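See below for protein.txt, which holds compact mmCIF, C-alpha atoms.
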```txt
# COMPACT_ATOMS: atom_id res chain seq x y z
CA MET A 1 27.25 15.44 66.71
CA ALA A 2 26.46 19.12 66.23
CA THR A 3 28.46 19.05 62.97
CA ALA A 4 26.45 16.07 61.71
CA ILE A 5 23.16 17.88 62.39
CA ARG A 6 24.34 20.99 60.53
CA ASP A 7 25.23 18.81 57.47
CA ILE A 8 21.68 17.51 57.05
CA PRO A 9 20.12 19.43 54.11
CA SER A 10 16.93 21.26 55.02
CA ALA A 11 13.68 20.33 53.30
CA PRO A 12 12.79 22.58 50.38
CA THR A 13 10.12 25.08 51.28
CA VAL A 14 7.07 25.41 49.04
CA SER A 15 5.21 28.69 49.12
CA PRO A 16 1.38 28.67 49.52
CA ARG A 17 1.13 30.51 46.20
CA ALA A 18 3.03 27.75 44.38
CA THR A 19 0.88 25.08 46.03
CA ALA A 20 -2.31 26.89 45.00
CA ALA A 21 -1.04 27.25 41.44
CA ARG A 22 -0.22 23.55 41.30
CA LEU A 23 -3.71 22.64 42.55
CA ARG A 24 -5.34 24.94 39.97
CA ALA A 25 -3.28 23.39 37.19
CA ARG A 26 -4.23 19.90 38.33
CA ARG A 27 -7.93 20.89 38.46
CA ARG A 28 -7.76 22.37 34.94
CA ALA A 29 -6.12 19.20 33.63
CA HIS A 30 -8.83 17.10 35.29
CA ASN A 31 -11.54 19.30 33.79
CA ARG A 32 -10.01 18.95 30.31
CA ARG A 33 -9.79 15.18 30.71
CA THR A 34 -13.45 15.02 31.83
CA ALA A 35 -14.55 17.18 28.90
CA VAL A 36 -12.64 15.04 26.38
CA VAL A 37 -13.95 11.75 27.82
CA THR A 38 -17.52 13.09 27.86
CA ALA A 39 -17.24 14.27 24.25
CA VAL A 40 -15.84 10.91 23.09
CA LEU A 41 -18.59 8.99 24.87
CA ALA A 42 -21.22 11.32 23.38
CA VAL A 43 -19.85 10.64 19.89
CA PHE A 44 -20.00 6.87 20.53
CA LEU A 45 -23.54 7.19 21.83
CA LEU A 46 -24.68 9.21 18.82
CA GLY A 47 -23.02 6.74 16.45
CA PHE A 48 -24.55 3.67 18.11
CA THR A 49 -28.00 5.29 18.27
CA THR A 50 -27.85 6.22 14.59
CA ALA A 51 -26.70 2.70 13.70
CA SER A 52 -29.56 1.24 15.73
CA VAL A 53 -32.10 3.29 13.76
CA LEU A 54 -30.50 2.66 10.37
CA LEU A 55 -29.58 -1.01 10.74
CA GLY A 56 -32.23 -2.37 13.09
CA GLY A 57 -33.87 -5.10 11.01
CA VAL A 58 -33.63 -6.55 7.53
CA ALA A 59 -36.09 -4.21 5.77
CA HIS A 60 -34.42 -1.51 3.65
CA ILE A 61 -35.48 2.11 4.02
CA ALA A 62 -34.17 4.76 1.61
CA ALA A 63 -31.64 7.05 3.28
CA ALA A 64 -33.64 10.14 2.29
CA ASP A 65 -36.66 8.82 4.18
CA VAL A 66 -34.89 7.98 7.44
CA LEU A 67 -34.67 11.46 9.02
CA PRO A 68 -38.25 12.54 8.07
CA ALA A 69 -39.55 9.20 9.34
CA ALA A 70 -37.59 9.58 12.58
CA LEU A 71 -39.32 12.94 13.08
CA GLY A 72 -42.72 11.40 12.41
CA LEU A 73 -43.14 13.14 9.03
CA ARG A 74 -43.59 10.01 6.89
CA THR A 75 -46.39 7.50 6.55
CA GLY A 76 -46.52 3.88 5.51
CA LEU A 77 -43.64 1.43 5.88
CA ALA A 78 -40.99 4.06 6.71
CA ASP A 79 -43.12 5.48 9.51
CA TYR A 80 -43.86 2.04 10.92
CA LEU A 81 -40.28 0.75 10.85
CA ILE A 82 -38.44 3.92 11.86
CA PHE A 83 -40.86 5.89 14.05
CA GLN A 84 -42.90 3.06 15.57
CA LEU A 85 -40.24 0.33 15.95
CA ARG A 86 -36.61 1.46 15.69
CA MET A 87 -36.74 4.90 17.32
CA PRO A 88 -38.50 3.69 20.52
CA ARG A 89 -36.12 0.75 20.73
CA ALA A 90 -33.00 2.91 20.35
CA LEU A 91 -34.22 5.53 22.83
CA ALA A 92 -35.34 2.88 25.32
CA ALA A 93 -31.86 1.34 25.16
CA LEU A 94 -30.25 4.76 25.69
CA LEU A 95 -32.46 5.82 28.61
CA SER A 96 -32.51 2.44 30.35
CA GLY A 97 -28.73 2.22 30.08
CA ALA A 98 -28.40 5.64 31.70
CA LEU A 99 -30.74 4.59 34.53
CA PHE A 100 -28.87 1.32 35.12
CA GLY A 101 -25.54 3.16 35.13
CA LEU A 102 -26.81 5.77 37.59
CA ALA A 103 -28.33 3.12 39.88
CA GLY A 104 -25.12 1.10 40.02
CA ALA A 105 -22.91 4.12 40.67
CA LEU A 106 -25.19 5.29 43.49
CA TYR A 107 -25.12 1.93 45.26
CA GLN A 108 -21.36 1.58 44.81
CA ARG A 109 -20.90 5.06 46.29
CA ILE A 110 -23.18 4.33 49.26
CA VAL A 111 -21.67 0.95 50.11
CA ARG A 112 -18.14 1.95 49.03
CA ASN A 113 -17.82 -1.37 47.26
CA PRO A 114 -17.64 -1.79 43.44
CA LEU A 115 -19.44 -5.14 43.71
CA ALA A 116 -22.55 -3.68 45.37
CA THR A 117 -25.18 -2.87 42.75
CA PRO A 118 -28.97 -3.17 42.50
CA ASP A 119 -28.39 -6.51 40.74
CA ILE A 120 -26.41 -7.90 43.67
CA VAL A 121 -28.61 -6.36 46.38
CA GLY A 122 -31.65 -7.93 44.72
CA ILE A 123 -33.56 -4.96 43.32
CA SER A 124 -33.65 -6.48 39.83
CA ALA A 125 -34.72 -9.88 41.22
CA GLY A 126 -37.57 -8.21 43.11
CA ALA A 127 -38.66 -6.36 39.97
CA GLY A 128 -38.49 -9.58 37.96
CA ALA A 129 -40.53 -11.49 40.52
CA GLY A 130 -43.21 -8.79 40.50
CA ALA A 131 -43.42 -8.71 36.71
CA ALA A 132 -43.40 -12.51 36.41
CA THR A 133 -46.30 -12.70 38.87
CA VAL A 134 -48.43 -10.45 36.69
CA LEU A 135 -47.35 -12.00 33.39
CA LEU A 136 -47.95 -15.59 34.48
CA LEU A 137 -50.77 -15.36 37.01
CA ALA A 138 -52.69 -12.37 35.63
CA PRO A 139 -52.04 -12.28 31.87
CA ALA A 140 -55.13 -10.11 31.32
CA ALA A 141 -53.15 -7.25 32.88
CA PHE A 142 -50.28 -7.77 30.41
CA THR A 143 -50.58 -4.34 28.77
CA SER A 144 -50.07 -2.18 31.84
CA GLY A 145 -49.27 -4.74 34.51
CA PRO A 146 -45.54 -5.58 34.20
CA PRO A 147 -44.11 -2.06 34.67
CA LEU A 148 -46.20 -1.36 37.75
CA ALA A 149 -45.61 -4.85 39.11
CA ALA A 150 -41.85 -4.50 38.55
CA LEU A 151 -41.81 -1.21 40.45
CA ALA A 152 -43.86 -2.72 43.27
CA GLY A 153 -41.57 -5.76 43.45
CA ALA A 154 -38.40 -3.65 43.50
CA PHE A 155 -39.59 -1.30 46.24
CA THR A 156 -41.02 -4.16 48.30
CA LEU A 157 -37.68 -5.93 48.22
CA LEU A 158 -35.79 -2.72 49.04
CA GLY A 159 -38.06 -2.17 52.04
CA ALA A 160 -37.48 -5.72 53.24
CA VAL A 161 -33.71 -5.42 52.80
CA TYR A 162 -33.62 -2.09 54.63
CA ALA A 163 -35.79 -3.35 57.50
CA LEU A 164 -33.86 -6.59 57.98
CA SER A 165 -30.45 -4.91 57.83
CA HIS A 166 -31.39 -2.01 60.17
CA ARG A 167 -30.09 -2.41 63.71
CA GLY A 168 -29.66 1.07 65.11
CA GLY A 169 -28.54 2.11 61.66
CA VAL A 170 -27.84 0.43 58.36
CA ASP A 171 -24.56 -1.43 58.14
CA THR A 172 -23.62 -1.57 54.45
CA TYR A 173 -21.99 -5.02 54.75
CA ARG A 174 -25.16 -6.45 56.36
CA LEU A 175 -27.31 -4.71 53.75
CA VAL A 176 -25.46 -6.47 50.92
CA LEU A 177 -25.69 -9.89 52.60
CA VAL A 178 -29.42 -9.50 53.31
CA GLY A 179 -29.94 -8.35 49.73
CA ILE A 180 -28.16 -11.41 48.34
CA GLY A 181 -30.32 -13.69 50.49
CA LEU A 182 -33.62 -12.06 49.52
CA SER A 183 -32.53 -12.00 45.88
CA ALA A 184 -32.15 -15.79 46.05
CA VAL A 185 -35.66 -16.04 47.53
CA CYS A 186 -37.12 -13.96 44.68
CA THR A 187 -35.26 -16.03 42.09
CA ALA A 188 -36.58 -19.25 43.63
CA TYR A 189 -40.12 -17.82 43.60
CA THR A 190 -39.77 -16.82 39.93
CA ASN A 191 -38.47 -20.29 39.05
CA TYR A 192 -41.47 -21.83 40.81
CA LEU A 193 -43.79 -19.70 38.68
CA PHE A 194 -42.04 -21.07 35.59
CA THR A 195 -42.91 -24.64 36.60
CA ILE A 196 -46.65 -23.89 36.71
CA ALA A 197 -46.80 -21.49 33.77
CA ASP A 198 -48.32 -22.04 30.36
CA GLN A 199 -45.67 -22.61 27.70
CA ASN A 200 -46.89 -19.72 25.53
CA ASP A 201 -46.61 -17.22 28.40
CA LEU A 202 -43.30 -18.71 29.49
CA ALA A 203 -41.50 -17.73 26.27
CA VAL A 204 -42.55 -14.08 26.67
CA VAL A 205 -41.54 -13.95 30.33
CA MET A 206 -38.16 -15.57 29.68
CA ARG A 207 -37.35 -13.00 27.00
CA TRP A 208 -38.31 -10.15 29.34
CA LEU A 209 -36.35 -11.57 32.30
CA ILE A 210 -33.19 -11.90 30.20
CA GLY A 211 -33.50 -8.22 29.29
CA SER A 212 -34.49 -7.03 25.85
CA THR A 213 -35.35 -3.74 24.21
CA ASN A 214 -37.40 -5.54 21.58
CA GLY A 215 -41.00 -4.37 21.76
CA ALA A 216 -40.24 -1.01 23.42
CA ASP A 217 -42.83 1.67 22.57
CA TRP A 218 -43.18 5.42 22.98
CA GLN A 219 -45.06 5.02 26.27
CA GLY A 220 -42.07 3.17 27.69
CA VAL A 221 -39.72 5.86 26.35
CA ARG A 222 -41.72 8.58 28.07
CA THR A 223 -41.65 6.62 31.34
CA LEU A 224 -37.89 6.21 31.11
CA ALA A 225 -37.29 9.85 30.15
CA LEU A 226 -39.34 11.22 33.03
CA GLY A 227 -37.77 8.73 35.43
CA LEU A 228 -34.25 9.60 34.34
CA ALA A 229 -34.90 13.33 34.68
CA GLY A 230 -36.27 12.87 38.19
CA CYS A 231 -33.43 10.58 39.29
CA LEU A 232 -30.78 12.96 37.93
CA VAL A 233 -32.31 15.89 39.82
CA CYS A 234 -32.41 13.88 43.06
CA THR A 235 -28.81 12.72 42.52
CA ALA A 236 -27.68 16.32 41.99
CA LEU A 237 -29.29 17.27 45.31
CA LEU A 238 -27.51 14.34 47.02
CA TYR A 239 -24.13 14.95 45.38
CA ARG A 240 -22.59 16.92 48.25
CA PRO A 241 -23.72 14.53 51.04
CA LEU A 242 -22.49 11.56 48.99
CA SER A 243 -19.12 13.23 48.49
CA GLY A 244 -18.85 13.68 52.26
CA MET A 245 -19.83 10.06 52.89
CA ALA A 246 -16.96 8.92 50.67
CA LEU A 247 -14.67 9.98 53.54
CA GLY A 248 -16.39 7.60 55.96
CA ASP A 249 -19.50 7.93 58.11
CA GLN A 250 -17.76 9.35 61.19
CA LEU A 251 -15.80 11.99 59.34
CA ALA A 252 -18.84 12.89 57.21
CA THR A 253 -20.93 13.30 60.36
CA GLY A 254 -18.22 15.47 61.85
CA LEU A 255 -18.33 17.68 58.76
CA GLY A 256 -22.06 18.18 59.15
CA THR A 257 -23.44 15.54 56.76
CA ARG A 258 -26.64 13.83 57.87
CA VAL A 259 -25.49 10.37 56.92
CA ARG A 260 -28.58 8.25 57.62
CA PRO A 261 -31.13 10.38 55.71
CA ALA A 262 -28.69 10.81 52.84
CA ARG A 263 -28.03 7.06 52.62
CA ALA A 264 -31.75 6.22 52.75
CA ALA A 265 -32.53 8.80 50.05
CA ALA A 266 -29.72 7.51 47.81
CA LEU A 267 -30.94 3.93 48.25
CA LEU A 268 -34.44 4.99 47.19
CA VAL A 269 -33.19 6.93 44.16
CA GLY A 270 -30.97 4.02 43.05
CA ALA A 271 -33.81 1.52 43.50
CA ALA A 272 -36.19 3.76 41.56
CA ALA A 273 -33.68 4.10 38.70
CA ALA A 274 -33.09 0.34 38.47
CA ALA A 275 -36.80 -0.48 38.83
CA LEU A 276 -37.89 2.00 36.16
CA ALA A 277 -35.38 0.64 33.66
CA THR A 278 -36.28 -2.95 34.54
CA SER A 279 -39.99 -2.27 34.21
CA VAL A 280 -39.57 -1.37 30.53
CA VAL A 281 -36.68 -3.48 29.18
CA GLY A 282 -36.22 -6.15 31.85
CA PRO A 283 -33.17 -6.65 34.08
CA ILE A 284 -30.37 -6.11 31.53
CA GLY A 285 -27.54 -7.60 33.52
CA PHE A 286 -24.14 -6.23 34.55
CA VAL A 287 -24.66 -2.70 33.15
CA SER A 288 -25.14 -1.26 36.64
CA LEU A 289 -22.11 -3.23 37.83
CA ILE A 290 -19.57 -2.09 35.26
CA SER A 291 -20.69 1.46 34.40
CA GLY A 292 -19.47 3.03 37.64
CA PRO A 293 -16.01 1.37 37.69
CA ILE A 294 -15.49 2.21 34.00
CA ALA A 295 -16.44 5.84 34.64
CA GLY A 296 -14.11 5.88 37.65
CA ARG A 297 -11.16 4.67 35.58
CA LEU A 298 -11.90 7.26 32.90
CA VAL A 299 -12.27 10.40 35.03
CA GLY A 300 -11.53 9.51 38.64
CA GLY A 301 -13.74 8.47 41.53
CA GLU A 302 -15.34 11.79 42.46
CA ARG A 303 -16.76 12.41 38.99
CA ALA A 304 -17.67 8.80 38.23
CA LEU A 305 -21.18 9.31 39.60
CA ALA A 306 -21.86 12.02 37.02
CA LEU A 307 -20.34 10.07 34.10
CA ALA A 308 -21.78 6.61 34.91
CA PRO A 309 -25.20 7.26 33.24
CA LEU A 310 -23.45 8.17 29.98
CA VAL A 311 -21.27 5.04 30.18
CA GLY A 312 -24.36 2.89 30.84
CA ALA A 313 -26.17 4.39 27.86
CA VAL A 314 -23.23 3.70 25.54
CA LEU A 315 -22.98 0.10 26.78
CA VAL A 316 -26.67 -0.74 26.31
CA VAL A 317 -27.10 0.99 22.94
CA GLY A 318 -23.88 -0.60 21.65
CA ALA A 319 -24.94 -4.03 22.90
CA ASP A 320 -28.37 -3.55 21.33
CA VAL A 321 -26.84 -2.79 17.93
CA LEU A 322 -24.78 -5.99 18.16
CA ALA A 323 -27.82 -7.94 19.36
CA GLN A 324 -29.69 -6.92 16.21
CA ASN A 325 -26.93 -7.13 13.63
CA ALA A 326 -24.00 -9.29 14.76
CA PRO A 327 -23.42 -12.16 12.33
CA LEU A 328 -24.18 -15.72 13.42
CA ILE A 329 -25.82 -14.78 16.76
CA SER A 330 -28.40 -12.08 15.95
CA PRO A 331 -31.14 -11.53 16.80
CA VAL A 332 -30.66 -12.17 20.51
CA PRO A 333 -31.89 -10.33 23.63
CA THR A 334 -29.65 -7.41 24.57
CA GLY A 335 -29.13 -8.86 28.04
CA VAL A 336 -27.29 -11.84 26.55
CA LEU A 337 -24.55 -9.61 25.15
CA THR A 338 -24.23 -7.44 28.27
CA ALA A 339 -23.87 -10.65 30.30
CA LEU A 340 -21.12 -11.88 27.96
CA LEU A 341 -19.32 -8.56 28.46
CA GLY A 342 -20.05 -8.08 32.13
CA ALA A 343 -19.44 -11.54 33.55
CA PRO A 344 -15.68 -11.57 32.81
CA TYR A 345 -15.43 -8.02 34.19
CA PHE A 346 -17.24 -9.15 37.37
CA VAL A 347 -14.72 -11.99 37.84
CA TRP A 348 -11.87 -9.56 37.25
CA LEU A 349 -13.26 -7.18 39.90
CA ILE A 350 -13.48 -10.03 42.43
CA LEU A 351 -9.92 -11.13 41.69
CA ARG A 352 -8.63 -7.56 42.03
CA ARG A 353 -10.51 -7.13 45.31
CA ARG A 354 -9.01 -10.35 46.65
CA HIS A 355 -5.59 -8.81 46.11
CA GLY A 356 -6.67 -5.51 47.67
CA ALA A 357 -6.40 -3.56 44.45
CA VAL A 358 -9.95 -2.28 44.34
CA SER A 359 -10.61 0.82 46.35
```
This structure in structure tokens:
Amino acid sequence: MATAIRDIPSAPTVSPRATAARLRARRRAHNRRTAVVTAVLAVFLLGFTTASVLLGGVAHIAAADVLPAALGLRTGLADYLIFQLRMPRALAALLSGALFGLAGALYQRIVRNPLATPDIVGISAGAGAGAATVLLLAPAAFTSGPPLAALAGAFTLLGAVYALSHRGGVDTYRLVLVGIGLSAVCTAYTNYLFTIADQNDLAVVMRWLIGSTNGADWQGVRTLALGLAGCLVCTALLYRPLSGMALGDQLATGLGTRVRPARAAALLVGAAAAALATSVVGPIGFVSLISGPIAGRLVGGERALALAPLVGAVLVVGADVLAQNAPLISPVPTGVLTALLGAPYFVWLILRRRHGAVS
């Protein structure tokens, strides 16, 4: 017996210095991968944005006039088409996509479920119900009403979801179920408004509810830019608590993270991001759902939150270019194309989760 024990080879010893060197090498490789992925996405975003400005519409503008018109240095047709129509539309697509991507990644991080997004929890339905109320029942407030009404609807629904799911703390599973239920209520209310609406107003509301960047103006771009800047700053402040919460509430609390305030703050920031984007371009579907998982597969889970806004921007600007220029189907609302892309991905996520493959 003693001979048998002596014959067992001992486990190889690894020095702390070798382990530290291996961890540094892995971190450098991860940083290089993140930098390459970010650069590639930035190139795609620049290309799609340029294509949106150059190809958006059937009117031809001389190439030499495009850049001066984009900077507001031309007058006449070039100024109207480039500076007043195409530039706001392209920038609204970029900024709203970033906000949708950020909102989805925040909710997926909080709930630790890739299927939990502002769309599923009902934030977009609340925003749509608020905007539809103003558009159909108070059309005189059409100019400034929908954005404010969308924000009010989104935050009202978030407050209701939070209150109804709070029982000595917010259980994320209960929060999602309550959100799905209230989302159905908002959708039913919006459908009721459709039955009593004037046909002329109905066409405008339907286009907005599907999600479209058509008609975006510089005021909307400024709203989105300021909203995105504020949401990114708040997300940066919440990054460390959210990283701790990824380990689980108990372990995060043990490490000193104040879980409840951090979760409430992240819910508010995510709702604000989704509501701001929805207030300008409507609830462009599935962008918030797929941006976070795509970013996670590209750079890993911890950095997905930082990359998701860029992924969302690329998705919406790319879909908007196709919506304006794709043969046979254009022009169509941007939300139609994101739904065609996102719906199969949503089914794939559900199937993977059923087999326990989604973390």
Inset, instruction - Could you check how far CA of Asp79 (chain A) sits from CA of Asp217 (chain A), in Å to one decimal? - result: 13.6 Å
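Distance check against Phe286 (chain A) using all atoms listed in the file: of A:Val40, A:Ala163, A:Leu337, A:Ala92, the minimum falls on A:Leu337.
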Legend entry - Polymer residues at most 12 Å from Gln108 (chain A), all atoms listed in the file, same-chain spacing of 3 or more positions, as a PyMOL selection string: chain A and resi 101-105+111-121+172-173+176+242+245-246+263+266-267+270+288-293+296+301+304-305+308+359
Got time to write the residues from that selection, C-alpha atoms, as a PDB file, keeping the file's coordinate frame?
```
ATOM      1  CA  GLY A 101     -25.540   3.160  35.130  1.00  0.00           C
ATOM      2  CA  LEU A 102     -26.810   5.770  37.590  1.00  0.00           C
ATOM      3  CA  ALA A 103     -28.330   3.120  39.880  1.00  0.00           C
ATOM      4  CA  GLY A 104     -25.120   1.100  40.020  1.00  0.00           C
ATOM      5  CA  ALA A 105     -22.910   4.120  40.670  1.00  0.00           C
ATOM      6  CA  VAL A 111     -21.670   0.950  50.110  1.00  0.00           C
ATOM      7  CA  ARG A 112     -18.140   1.950  49.030  1.00  0.00           C
ATOM      8  CA  ASN A 113     -17.820  -1.370  47.260  1.00  0.00           C
ATOM      9  CA  PRO A 114     -17.640  -1.790  43.440  1.00  0.00           C
ATOM     10  CA  LEU A 115     -19.440  -5.140  43.710  1.00  0.00           C
ATOM     11  CA  ALA A 116     -22.550  -3.680  45.370  1.00  0.00           C
ATOM     12  CA  THR A 117     -25.180  -2.870  42.750  1.00  0.00           C
ATOM     13  CA  PRO A 118     -28.970  -3.170  42.500  1.00  0.00           C
ATOM     14  CA  ASP A 119     -28.390  -6.510  40.740  1.00  0.00           C
ATOM     15  CA  ILE A 120     -26.410  -7.900  43.670  1.00  0.00           C
ATOM     16  CA  VAL A 121     -28.610  -6.360  46.380  1.00  0.00           C
ATOM     17  CA  THR A 172     -23.620  -1.570  54.450  1.00  0.00           C
ATOM     18  CA  TYR A 173     -21.990  -5.020  54.750  1.00  0.00           C
ATOM     19  CA  VAL A 176     -25.460  -6.470  50.920  1.00  0.00           C
ATOM     20  CA  LEU A 242     -22.490  11.560  48.990  1.00  0.00           C
ATOM     21  CA  MET A 245     -19.830  10.060  52.890  1.00  0.00           C
ATOM     22  CA  ALA A 246     -16.960   8.920  50.670  1.00  0.00           C
ATOM     23  CA  ARG A 263     -28.030   7.060  52.620  1.00  0.00           C
ATOM     24  CA  ALA A 266     -29.720   7.510  47.810  1.00  0.00           C
ATOM     25  CA  LEU A 267     -30.940   3.930  48.250  1.00  0.00           C
ATOM     26  CA  GLY A 270     -30.970   4.020  43.050  1.00  0.00           C
ATOM     27  CA  SER A 288     -25.140  -1.260  36.640  1.00  0.00           C
ATOM     28  CA  LEU A 289     -22.110  -3.230  37.830  1.00  0.00           C
ATOM     29  CA  ILE A 290     -19.570  -2.090  35.260  1.00  0.00           C
ATOM     30  CA  SER A 291     -20.690   1.460  34.400  1.00  0.00           C
ATOM     31  CA  GLY A 292     -19.470   3.030  37.640  1.00  0.00           C
ATOM     32  CA  PRO A 293     -16.010   1.370  37.690  1.00  0.00           C
ATOM     33  CA  GLY A 296     -14.110   5.880  37.650  1.00  0.00           C
ATOM     34  CA  GLY A 301     -13.740   8.470  41.530  1.00  0.00           C
ATOM     35  CA  ALA A 304     -17.670   8.800  38.230  1.00  0.00           C
ATOM     36  CA  LEU A 305     -21.180   9.310  39.600  1.00  0.00           C
ATOM     37  CA  ALA A 308     -21.780   6.610  34.910  1.00  0.00           C
ATOM     38  CA  SER A 359     -10.610   0.820  46.350  1.00  0.00           C
TER      39      SER A 359
END
```
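Counting all atoms listed in the file, region 22-30 of chain A has the following residues at most 12 Å away, ignoring those fewer than 6 positions along the same chain: Val14, Ser15, Pro16, Val36, Val37, Leu298, Val299, Gly300, Gly301, Glu302 and Arg303 of chain A.
Considering only C-alpha atoms, the residue among A:Gly97, A:Gly130, A:Pro261, A:Gly122 positioned nearest to Val314 (chain A) is A:Gly97.
Candidate residues A:Leu315, A:Leu55, A:Ile61, A:Leu232 were compared for distance to Gly76 (chain A), and the nearest is A:Ile61, using only C-alpha atoms.
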